[in-house]
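S.K.: After the structure tokens below, expect a handful of questions from me.
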Amino acid sequence: MKKVMELLPESMRQMVKPSSTVVAAWGIFFFCSLLVYKLLSDGDFSFLLTYAAVCRCFAFVILNIKMYTSNSASSVSLKTLEAYVCVFFLRLISIMRHEGYLPYDSSGDWFYHFVESASLCGVCVSIYLLYFRFRGTYDESQDCFGNLHIPSFLGVLYVVVPCFLLSCLFHPNLNKDWLSDVSWTFSMYLESCAILPQLYMFQRQSSGVVEVLVSHSVFALGFARVVEMAFWMSSFHELTSHSGSKLVGYVVLIAQFAHVALMGDFFYFYFVSLQKGTPLHIPTSAGIV
């Protein structure tokens with residue numbers, strides 16, 4: 001790892017070094033999490049849905065901090081950001097109209113909607129910074145997931161289209177409204193695949209070293225899915241009783257398990273980097289995707 005760091009230019013070394021900004025960001029995140037739990041949670045297990053939403057929002061906050069402070073969009077996948085725009089927009093279509101997929105506690109009255117809306121705004125800001133303000137630093141040649149027979153900027157369709165078709169076939173019926181139920185399920189399936197372009201980009205980088213705040217942002221997105229999966233595993237009966245088939249519940253849970261499994265290698269290298277106090281380094285042979 002030391003040899004890899006020595007090969008990096010000085011500007012890049014500063015980006016991948018752990019910093020007080022990281023510690024401060026996580027400290028504020030945990031403080032706000034406790035505050036929200038105390039003020040808005042009734043102690044119900046469904047608060048996990050709200051906590052997962054807060055984790056996702058935090059992920060894009062620190063990603064934007066990364067781009068602002070470094071004046072760079074390096075190591076960031078535009079295709080993953082595009083996928084997350086769809087994820088948040090589709091979820092809002094569902095939760096703004098119906099209550100079937102909202103937390104049961106008071107955080108589901110308005111706060112969950114607010115956080116998901118903030119996440120949508122956050123990812124839109126990320127796209128603006130990457131595509132317009134720091135376009136010259138965007139590693140477009142490395143962000144090549146799905147570059148097969150279609151223009152590069154449409155590569156994300158390789159995950160969007162299958163997820164849409166799957167959501168039309170297998171979706172819960174908690175809202176008892178086809179558009180609302182399919183929108184929520186589509187967003188959930190798509191979130192399971194949205195991180196693929198980013199992971200693929202990590203592996204394409206010649207140095208294999210991931211910028212610190214980018215790695216924390218990706219971890220926060222993965223952690224959000226772990227938290228959310230814990231809730232839906234405990235609420236499996238809700239997914240099946242309203243749809244009339246256990247198959248739908250199994251497909252929903254499998255999609256969430258798949259997301260966590262896809263990030264398995266990333267989680268491993270992330271915790272190794274924390275343990276050693278070094279930047280995250282992903283070998284090109286890691287086989288993440």
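Quick note on naming: the chains in the structure tokens go A, B, ... in the order shown, residues restart at 1 in each chain, and ligands are numbered from 1 in order of appearance.
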Residues within 10 Å of A:Phe29, please, as number ranges by chain. Count only C-alpha atoms; anything in the same chain fewer than 4 positions from it doesn't count.

M.R.: A: 23-25, 33-35, 54-55, 58

S.K.: Next, write the just-selected residues to a file, as a PDB file, in the first residue's frame, keeping N, CA, C and O atoms as the atom set.

M.R.:
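result23.pdb written:
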```pdb
ATOM      1  N   VAL A  23     -13.902  12.581  10.071  1.00  0.00           N
ATOM      2  CA  VAL A  23     -14.303  12.358  11.463  1.00  0.00           C
ATOM      3  C   VAL A  23     -15.443  13.293  11.843  1.00  0.00           C
ATOM      4  O   VAL A  23     -16.422  12.883  12.472  1.00  0.00           O
ATOM      5  N   ALA A  24     -15.322  14.557  11.447  1.00  0.00           N
ATOM      6  CA  ALA A  24     -16.363  15.536  11.760  1.00  0.00           C
ATOM      7  C   ALA A  24     -17.682  15.170  11.079  1.00  0.00           C
ATOM      8  O   ALA A  24     -18.755  15.264  11.697  1.00  0.00           O
ATOM      9  N   ALA A  25     -17.618  14.740   9.815  1.00  0.00           N
ATOM     10  CA  ALA A  25     -18.829  14.386   9.073  1.00  0.00           C
ATOM     11  C   ALA A  25     -19.563  13.222   9.727  1.00  0.00           C
ATOM     12  O   ALA A  25     -20.789  13.272   9.916  1.00  0.00           O
ATOM     13  N   SER A  33     -28.502  11.589  13.921  1.00  0.00           N
ATOM     14  CA  SER A  33     -29.279  10.343  13.961  1.00  0.00           C
ATOM     15  C   SER A  33     -29.931  10.159  15.315  1.00  0.00           C
ATOM     16  O   SER A  33     -31.120   9.824  15.417  1.00  0.00           O
ATOM     17  N   LEU A  34     -29.154  10.379  16.381  1.00  0.00           N
ATOM     18  CA  LEU A  34     -29.697  10.249  17.736  1.00  0.00           C
ATOM     19  C   LEU A  34     -30.768  11.294  17.996  1.00  0.00           C
ATOM     20  O   LEU A  34     -31.795  11.010  18.630  1.00  0.00           O
ATOM     21  N   LEU A  35     -30.540  12.507  17.499  1.00  0.00           N
ATOM     22  CA  LEU A  35     -31.505  13.584  17.700  1.00  0.00           C
ATOM     23  C   LEU A  35     -32.829  13.270  17.022  1.00  0.00           C
ATOM     24  O   LEU A  35     -33.903  13.435  17.613  1.00  0.00           O
ATOM     25  N   VAL A  54     -31.837   8.452   6.013  1.00  0.00           N
ATOM     26  CA  VAL A  54     -30.866   9.436   6.506  1.00  0.00           C
ATOM     27  C   VAL A  54     -29.451   9.058   6.059  1.00  0.00           C
ATOM     28  O   VAL A  54     -28.649   9.919   5.674  1.00  0.00           O
ATOM     29  N   CYS A  55     -29.145   7.759   6.082  1.00  0.00           N
ATOM     30  CA  CYS A  55     -27.825   7.293   5.634  1.00  0.00           C
ATOM     31  C   CYS A  55     -27.590   7.632   4.169  1.00  0.00           C
ATOM     32  O   CYS A  55     -26.496   8.071   3.784  1.00  0.00           O
ATOM     33  N   PHE A  58     -26.999  11.326   3.815  1.00  0.00           N
ATOM     34  CA  PHE A  58     -25.642  11.630   4.304  1.00  0.00           C
ATOM     35  C   PHE A  58     -24.593  11.281   3.255  1.00  0.00           C
ATOM     36  O   PHE A  58     -23.606  12.006   3.075  1.00  0.00           O
TER      37      PHE A  58
END
```

S.K.: Please list as a list in words every residue within 10 Å of A:His216, counting only C-alpha atoms and excluding residues in the same chain fewer than 2 positions away.

M.R.: Val22, Ala25, Trp26, Phe58, Ala59, Ile62, Leu63, Val210, Glu211, Val212, Leu213, Val214, Val218, Phe219, Ala220, Leu221, Gly222, Tyr270 and Leu280 of chain A

S.K.: Using only C-alpha atoms, which of A:Leu90, A:Leu130, A:Val209, A:Val115 sits nearest A:Trp184?

M.R.: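 Going through A:Leu90, A:Leu130, A:Val209, A:Val115 one by one, the smallest distance to A:Trp184 is for A:Leu90.
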
S.K.: Which is closer to A:Phe30 than all the others in A:Val226, A:Tyr51, A:Gly43, A:Ile65, using only C-alpha atoms?

M.R.: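 Of A:Val226, A:Tyr51, A:Gly43, A:Ile65, the one nearest A:Phe30 is A:Tyr51, counting only C-alpha atoms.
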
S.K.: Please compute the atom CA of A:Phe153-atom CA of A:Leu262 distance, one decimal, in Å.

M.R.: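 Separating atom CA of A:Phe153 from atom CA of A:Leu262 is a distance of 22.6 Å.
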
S.K.: Rank A:Lys276, A:His149, A:His259, A:Lys176 by their smallest atom-to-atom distance to A:Phe223, using only C-alpha atoms, and report the top residue only.

M.R.: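 The closest residue to A:Phe223 is A:His259.
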
S.K.: From the DSSP assignment of the backbone, select every residue of stretch 72-191 of chain A that is alpha helix (DSSP H), and format the answer as an MDAnalysis selection string.

M.R.: chainID A and resid 78:95 111:128 157:169 178:191

S.K.: Taking only C-alpha atoms into account, name the residue in A:His113, A:Arg135, A:Lys66, A:Arg56 that is nearest to A:Leu78.

M.R.: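 Smallest separation from A:Leu78 among the options: A:Arg135.
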
S.K.: Check the smallest atom-to-atom distance from each of A:Phe164, A:Phe257, A:His171, A:Arg204 to A:Ala230 using only C-alpha atoms, then report the winner.

M.R.: A:Phe257

S.K.: Restricting the calculation to only C-alpha atoms: of A:Ala83, A:Met201, A:Leu169, A:Cys57, which residue gets closest to A:Cys121?

M.R.: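 Smallest separation from A:Cys121 among the options: A:Cys57.
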
S.K.: Write out as a list in words each polymer residue whose atoms come within 9 Å of A:Leu166, counting only C-alpha atoms; drop sequence neighbours fewer than 6 positions from it.

M.R.: Thr185, Phe186 and Tyr189 of chain A

S.K.: If you keep all heavy atoms, can you produce a file of those selected residues as a tab-separated table (two decimals), in the first residue's frame?

M.R.:
```
chain	number	residue	atom	x	y	z
A	185	THR	N	-41.36	-0.47	-5.95
A	185	THR	CA	-40.59	-1.68	-6.21
A	185	THR	C	-39.49	-1.42	-7.23
A	185	THR	O	-38.36	-1.92	-7.09
A	185	THR	CB	-41.52	-2.80	-6.73
A	185	THR	OG1	-42.66	-2.92	-5.89
A	185	THR	CG2	-40.80	-4.14	-6.74
A	186	PHE	N	-39.79	-0.65	-8.26
A	186	PHE	CA	-38.80	-0.28	-9.27
A	186	PHE	C	-37.62	0.43	-8.61
A	186	PHE	O	-36.45	0.14	-8.88
A	186	PHE	CB	-39.47	0.61	-10.32
A	186	PHE	CG	-38.62	0.96	-11.51
A	186	PHE	CD1	-37.39	0.35	-11.74
A	186	PHE	CD2	-39.06	1.91	-12.43
A	186	PHE	CE1	-36.61	0.68	-12.85
A	186	PHE	CE2	-38.30	2.24	-13.54
A	186	PHE	CZ	-37.07	1.64	-13.74
A	189	TYR	N	-35.57	-2.20	-6.56
A	189	TYR	CA	-34.74	-3.05	-7.42
A	189	TYR	C	-33.58	-2.25	-8.03
A	189	TYR	O	-32.45	-2.72	-8.08
A	189	TYR	CB	-35.59	-3.64	-8.56
A	189	TYR	CG	-36.61	-4.67	-8.14
A	189	TYR	CD1	-37.70	-4.96	-8.95
A	189	TYR	CD2	-36.48	-5.36	-6.94
A	189	TYR	CE1	-38.65	-5.90	-8.57
A	189	TYR	CE2	-37.43	-6.31	-6.56
A	189	TYR	CZ	-38.51	-6.58	-7.38
A	189	TYR	OH	-39.44	-7.52	-7.01
```

S.K.: Neighbours of A:Cys193 within 12 Å (only C-alpha atoms; same-chain residues fewer than 3 positions away dropped), as a PDB file with N, CA, C and O atoms, in the first residue's frame?

M.R.:
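Output saved as result00.pdb:
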```
ATOM      1  N   LYS A  79     -22.951   7.559 -13.966  1.00  0.00           N
ATOM      2  CA  LYS A  79     -24.023   6.589 -14.209  1.00  0.00           C
ATOM      3  C   LYS A  79     -24.694   6.153 -12.905  1.00  0.00           C
ATOM      4  O   LYS A  79     -25.915   5.971 -12.848  1.00  0.00           O
ATOM      5  N   THR A  80     -23.906   6.001 -11.858  1.00  0.00           N
ATOM      6  CA  THR A  80     -24.494   5.688 -10.552  1.00  0.00           C
ATOM      7  C   THR A  80     -25.364   6.842 -10.068  1.00  0.00           C
ATOM      8  O   THR A  80     -26.461   6.631  -9.525  1.00  0.00           O
ATOM      9  N   LEU A  81     -24.899   8.066 -10.278  1.00  0.00           N
ATOM     10  CA  LEU A  81     -25.696   9.233  -9.880  1.00  0.00           C
ATOM     11  C   LEU A  81     -27.007   9.292 -10.661  1.00  0.00           C
ATOM     12  O   LEU A  81     -28.064   9.593 -10.095  1.00  0.00           O
ATOM     13  N   GLU A  82     -26.955   9.014 -11.953  1.00  0.00           N
ATOM     14  CA  GLU A  82     -28.166   9.005 -12.777  1.00  0.00           C
ATOM     15  C   GLU A  82     -29.154   7.957 -12.267  1.00  0.00           C
ATOM     16  O   GLU A  82     -30.365   8.212 -12.207  1.00  0.00           O
ATOM     17  N   ALA A  83     -28.640   6.801 -11.909  1.00  0.00           N
ATOM     18  CA  ALA A  83     -29.512   5.738 -11.398  1.00  0.00           C
ATOM     19  C   ALA A  83     -30.175   6.164 -10.097  1.00  0.00           C
ATOM     20  O   ALA A  83     -31.366   5.892  -9.876  1.00  0.00           O
ATOM     21  N   TYR A  84     -29.431   6.847  -9.231  1.00  0.00           N
ATOM     22  CA  TYR A  84     -30.005   7.265  -7.949  1.00  0.00           C
ATOM     23  C   TYR A  84     -31.034   8.388  -8.115  1.00  0.00           C
ATOM     24  O   TYR A  84     -31.945   8.516  -7.293  1.00  0.00           O
ATOM     25  N   CYS A  86     -33.202   8.391 -10.475  1.00  0.00           N
ATOM     26  CA  CYS A  86     -34.399   7.578 -10.751  1.00  0.00           C
ATOM     27  C   CYS A  86     -34.919   6.922  -9.481  1.00  0.00           C
ATOM     28  O   CYS A  86     -36.132   6.863  -9.242  1.00  0.00           O
ATOM     29  N   VAL A  87     -34.001   6.411  -8.640  1.00  0.00           N
ATOM     30  CA  VAL A  87     -34.387   5.740  -7.392  1.00  0.00           C
ATOM     31  C   VAL A  87     -35.207   6.670  -6.511  1.00  0.00           C
ATOM     32  O   VAL A  87     -36.309   6.321  -6.056  1.00  0.00           O
ATOM     33  N   PHE A 145     -19.174   1.484 -17.493  1.00  0.00           N
ATOM     34  CA  PHE A 145     -20.137   0.405 -17.291  1.00  0.00           C
ATOM     35  C   PHE A 145     -21.265   0.516 -18.329  1.00  0.00           C
ATOM     36  O   PHE A 145     -21.848   1.571 -18.521  1.00  0.00           O
ATOM     37  N   VAL A 156     -26.415   3.264 -18.232  1.00  0.00           N
ATOM     38  CA  VAL A 156     -27.196   2.908 -17.050  1.00  0.00           C
ATOM     39  C   VAL A 156     -28.489   2.178 -17.417  1.00  0.00           C
ATOM     40  O   VAL A 156     -29.104   1.522 -16.570  1.00  0.00           O
ATOM     41  N   LEU A 157     -28.897   2.258 -18.695  1.00  0.00           N
ATOM     42  CA  LEU A 157     -30.115   1.558 -19.129  1.00  0.00           C
ATOM     43  C   LEU A 157     -29.984   0.047 -18.980  1.00  0.00           C
ATOM     44  O   LEU A 157     -30.991  -0.654 -18.885  1.00  0.00           O
ATOM     45  N   TYR A 158     -28.758  -0.460 -18.944  1.00  0.00           N
ATOM     46  CA  TYR A 158     -28.556  -1.894 -18.775  1.00  0.00           C
ATOM     47  C   TYR A 158     -29.022  -2.388 -17.404  1.00  0.00           C
ATOM     48  O   TYR A 158     -29.220  -3.594 -17.209  1.00  0.00           O
ATOM     49  N   VAL A 159     -29.161  -1.488 -16.452  1.00  0.00           N
ATOM     50  CA  VAL A 159     -29.731  -1.878 -15.159  1.00  0.00           C
ATOM     51  C   VAL A 159     -31.154  -1.339 -14.993  1.00  0.00           C
ATOM     52  O   VAL A 159     -31.982  -1.960 -14.326  1.00  0.00           O
ATOM     53  N   VAL A 160     -31.457  -0.211 -15.622  1.00  0.00           N
ATOM     54  CA  VAL A 160     -32.784   0.393 -15.471  1.00  0.00           C
ATOM     55  C   VAL A 160     -33.870  -0.462 -16.114  1.00  0.00           C
ATOM     56  O   VAL A 160     -34.906  -0.755 -15.485  1.00  0.00           O
ATOM     57  N   VAL A 161     -33.651  -0.892 -17.349  1.00  0.00           N
ATOM     58  CA  VAL A 161     -34.685  -1.642 -18.078  1.00  0.00           C
ATOM     59  C   VAL A 161     -35.016  -2.974 -17.412  1.00  0.00           C
ATOM     60  O   VAL A 161     -36.197  -3.276 -17.182  1.00  0.00           O
ATOM     61  N   PRO A 162     -34.027  -3.816 -17.057  1.00  0.00           N
ATOM     62  CA  PRO A 162     -34.368  -5.077 -16.374  1.00  0.00           C
ATOM     63  C   PRO A 162     -35.101  -4.866 -15.052  1.00  0.00           C
ATOM     64  O   PRO A 162     -36.018  -5.628 -14.717  1.00  0.00           O
ATOM     65  N   CYS A 163     -34.687  -3.829 -14.303  1.00  0.00           N
ATOM     66  CA  CYS A 163     -35.348  -3.556 -13.017  1.00  0.00           C
ATOM     67  C   CYS A 163     -36.798  -3.143 -13.220  1.00  0.00           C
ATOM     68  O   CYS A 163     -37.678  -3.507 -12.437  1.00  0.00           O
ATOM     69  N   PHE A 164     -37.049  -2.369 -14.275  1.00  0.00           N
ATOM     70  CA  PHE A 164     -38.420  -1.962 -14.565  1.00  0.00           C
ATOM     71  C   PHE A 164     -39.292  -3.170 -14.910  1.00  0.00           C
ATOM     72  O   PHE A 164     -40.407  -3.321 -14.393  1.00  0.00           O
ATOM     73  N   PHE A 186     -39.795  -0.648  -8.261  1.00  0.00           N
ATOM     74  CA  PHE A 186     -38.801  -0.275  -9.270  1.00  0.00           C
ATOM     75  C   PHE A 186     -37.624   0.435  -8.609  1.00  0.00           C
ATOM     76  O   PHE A 186     -36.454   0.140  -8.884  1.00  0.00           O
ATOM     77  N   SER A 187     -37.932   1.372  -7.714  1.00  0.00           N
ATOM     78  CA  SER A 187     -36.863   2.114  -7.038  1.00  0.00           C
ATOM     79  C   SER A 187     -36.022   1.187  -6.163  1.00  0.00           C
ATOM     80  O   SER A 187     -34.796   1.334  -6.084  1.00  0.00           O
ATOM     81  N   MET A 188     -36.679   0.209  -5.528  1.00  0.00           N
ATOM     82  CA  MET A 188     -35.959  -0.710  -4.654  1.00  0.00           C
ATOM     83  C   MET A 188     -35.046  -1.638  -5.452  1.00  0.00           C
ATOM     84  O   MET A 188     -33.883  -1.854  -5.106  1.00  0.00           O
ATOM     85  N   TYR A 189     -35.573  -2.196  -6.564  1.00  0.00           N
ATOM     86  CA  TYR A 189     -34.742  -3.045  -7.421  1.00  0.00           C
ATOM     87  C   TYR A 189     -33.582  -2.248  -8.025  1.00  0.00           C
ATOM     88  O   TYR A 189     -32.448  -2.725  -8.081  1.00  0.00           O
ATOM     89  N   LEU A 190     -33.877  -1.039  -8.489  1.00  0.00           N
ATOM     90  CA  LEU A 190     -32.854  -0.222  -9.133  1.00  0.00           C
ATOM     91  C   LEU A 190     -31.762   0.173  -8.148  1.00  0.00           C
ATOM     92  O   LEU A 190     -30.576   0.214  -8.504  1.00  0.00           O
ATOM     93  N   LEU A 196     -23.468  -0.492  -9.129  1.00  0.00           N
ATOM     94  CA  LEU A 196     -22.602  -1.264 -10.026  1.00  0.00           C
ATOM     95  C   LEU A 196     -21.644  -0.395 -10.853  1.00  0.00           C
ATOM     96  O   LEU A 196     -20.449  -0.702 -10.927  1.00  0.00           O
ATOM     97  N   PRO A 197     -22.122   0.672 -11.511  1.00  0.00           N
ATOM     98  CA  PRO A 197     -21.174   1.501 -12.284  1.00  0.00           C
ATOM     99  C   PRO A 197     -20.053   2.087 -11.434  1.00  0.00           C
ATOM    100  O   PRO A 197     -18.912   2.192 -11.883  1.00  0.00           O
ATOM    101  N   GLN A 198     -20.397   2.455 -10.179  1.00  0.00           N
ATOM    102  CA  GLN A 198     -19.379   3.028  -9.295  1.00  0.00           C
ATOM    103  C   GLN A 198     -18.330   1.979  -8.912  1.00  0.00           C
ATOM    104  O   GLN A 198     -17.117   2.239  -8.936  1.00  0.00           O
ATOM    105  N   LEU A 199     -18.772   0.781  -8.574  1.00  0.00           N
ATOM    106  CA  LEU A 199     -17.840  -0.288  -8.222  1.00  0.00           C
ATOM    107  C   LEU A 199     -16.969  -0.671  -9.416  1.00  0.00           C
ATOM    108  O   LEU A 199     -15.777  -0.943  -9.275  1.00  0.00           O
ATOM    109  N   TYR A 200     -17.595  -0.691 -10.595  1.00  0.00           N
ATOM    110  CA  TYR A 200     -16.844  -1.017 -11.810  1.00  0.00           C
ATOM    111  C   TYR A 200     -15.777   0.043 -12.086  1.00  0.00           C
ATOM    112  O   TYR A 200     -14.657  -0.260 -12.505  1.00  0.00           O
ATOM    113  N   LEU A 221     -24.083   4.380   1.493  1.00  0.00           N
ATOM    114  CA  LEU A 221     -25.158   3.848   0.645  1.00  0.00           C
ATOM    115  C   LEU A 221     -25.359   2.356   0.887  1.00  0.00           C
ATOM    116  O   LEU A 221     -26.496   1.869   0.954  1.00  0.00           O
ATOM    117  N   GLY A 222     -24.256   1.631   1.022  1.00  0.00           N
ATOM    118  CA  GLY A 222     -24.364   0.201   1.291  1.00  0.00           C
ATOM    119  C   GLY A 222     -24.925  -0.083   2.673  1.00  0.00           C
ATOM    120  O   GLY A 222     -25.742  -0.995   2.858  1.00  0.00           O
ATOM    121  N   ARG A 225     -28.661   0.153   2.836  1.00  0.00           N
ATOM    122  CA  ARG A 225     -29.368  -1.032   2.359  1.00  0.00           C
ATOM    123  C   ARG A 225     -29.390  -2.138   3.412  1.00  0.00           C
ATOM    124  O   ARG A 225     -30.385  -2.845   3.568  1.00  0.00           O
ATOM    125  N   ALA A 255     -33.480  -9.329  -3.940  1.00  0.00           N
ATOM    126  CA  ALA A 255     -32.894  -8.135  -4.563  1.00  0.00           C
ATOM    127  C   ALA A 255     -32.064  -7.352  -3.554  1.00  0.00           C
ATOM    128  O   ALA A 255     -30.982  -6.835  -3.884  1.00  0.00           O
ATOM    129  N   GLN A 256     -32.539  -7.288  -2.314  1.00  0.00           N
ATOM    130  CA  GLN A 256     -31.794  -6.564  -1.289  1.00  0.00           C
ATOM    131  C   GLN A 256     -30.550  -7.335  -0.857  1.00  0.00           C
ATOM    132  O   GLN A 256     -29.484  -6.748  -0.641  1.00  0.00           O
ATOM    133  N   PHE A 257     -30.672  -8.656  -0.753  1.00  0.00           N
ATOM    134  CA  PHE A 257     -29.499  -9.479  -0.458  1.00  0.00           C
ATOM    135  C   PHE A 257     -28.453  -9.327  -1.559  1.00  0.00           C
ATOM    136  O   PHE A 257     -27.245  -9.277  -1.289  1.00  0.00           O
ATOM    137  N   ALA A 258     -28.917  -9.267  -2.814  1.00  0.00           N
ATOM    138  CA  ALA A 258     -28.001  -9.145  -3.949  1.00  0.00           C
ATOM    139  C   ALA A 258     -27.196  -7.851  -3.854  1.00  0.00           C
ATOM    140  O   ALA A 258     -25.995  -7.820  -4.167  1.00  0.00           O
ATOM    141  N   HIS A 259     -27.848  -6.784  -3.430  1.00  0.00           N
ATOM    142  CA  HIS A 259     -27.170  -5.495  -3.276  1.00  0.00           C
ATOM    143  C   HIS A 259     -26.028  -5.612  -2.261  1.00  0.00           C
ATOM    144  O   HIS A 259     -24.894  -5.188  -2.515  1.00  0.00           O
ATOM    145  N   VAL A 260     -26.331  -6.213  -1.115  1.00  0.00           N
ATOM    146  CA  VAL A 260     -25.315  -6.368  -0.071  1.00  0.00           C
ATOM    147  C   VAL A 260     -24.189  -7.283  -0.552  1.00  0.00           C
ATOM    148  O   VAL A 260     -23.007  -7.028  -0.308  1.00  0.00           O
ATOM    149  N   ALA A 261     -24.555  -8.354  -1.270  1.00  0.00           N
ATOM    150  CA  ALA A 261     -23.551  -9.287  -1.778  1.00  0.00           C
ATOM    151  C   ALA A 261     -22.631  -8.608  -2.788  1.00  0.00           C
ATOM    152  O   ALA A 261     -21.408  -8.839  -2.787  1.00  0.00           O
ATOM    153  N   LEU A 262     -23.200  -7.753  -3.656  1.00  0.00           N
ATOM    154  CA  LEU A 262     -22.395  -7.040  -4.647  1.00  0.00           C
ATOM    155  C   LEU A 262     -21.340  -6.162  -3.980  1.00  0.00           C
ATOM    156  O   LEU A 262     -20.260  -5.951  -4.525  1.00  0.00           O
ATOM    157  N   MET A 263     -21.675  -5.668  -2.794  1.00  0.00           N
ATOM    158  CA  MET A 263     -20.762  -4.771  -2.092  1.00  0.00           C
ATOM    159  C   MET A 263     -19.876  -5.497  -1.094  1.00  0.00           C
ATOM    160  O   MET A 263     -19.126  -4.864  -0.341  1.00  0.00           O
ATOM    161  N   VAL A 289     -17.012  -6.587  -9.306  1.00  0.00           N
ATOM    162  CA  VAL A 289     -18.070  -6.771 -10.308  1.00  0.00           C
ATOM    163  C   VAL A 289     -17.500  -7.523 -11.494  1.00  0.00           C
ATOM    164  O   VAL A 289     -16.296  -7.548 -11.712  1.00  0.00           O
TER     165      VAL A 289
END
```

S.K.: Skip A:Gln205 itself and residues of its chain fewer than 3 positions away, then list as a ChimeraX atom specification all residues within 12 Å of it, counting only C-alpha atoms.

M.R.: /A:74-77,139-144,198-202,208-211,281-285

S.K.: In Å, with one decimal, what is the gap from atom CA of A:Ser117 to atom CA of A:Ser241?

M.R.: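 Spanning atom CA of A:Ser117 to atom CA of A:Ser241 is a straight-line distance of 29.3 Å.
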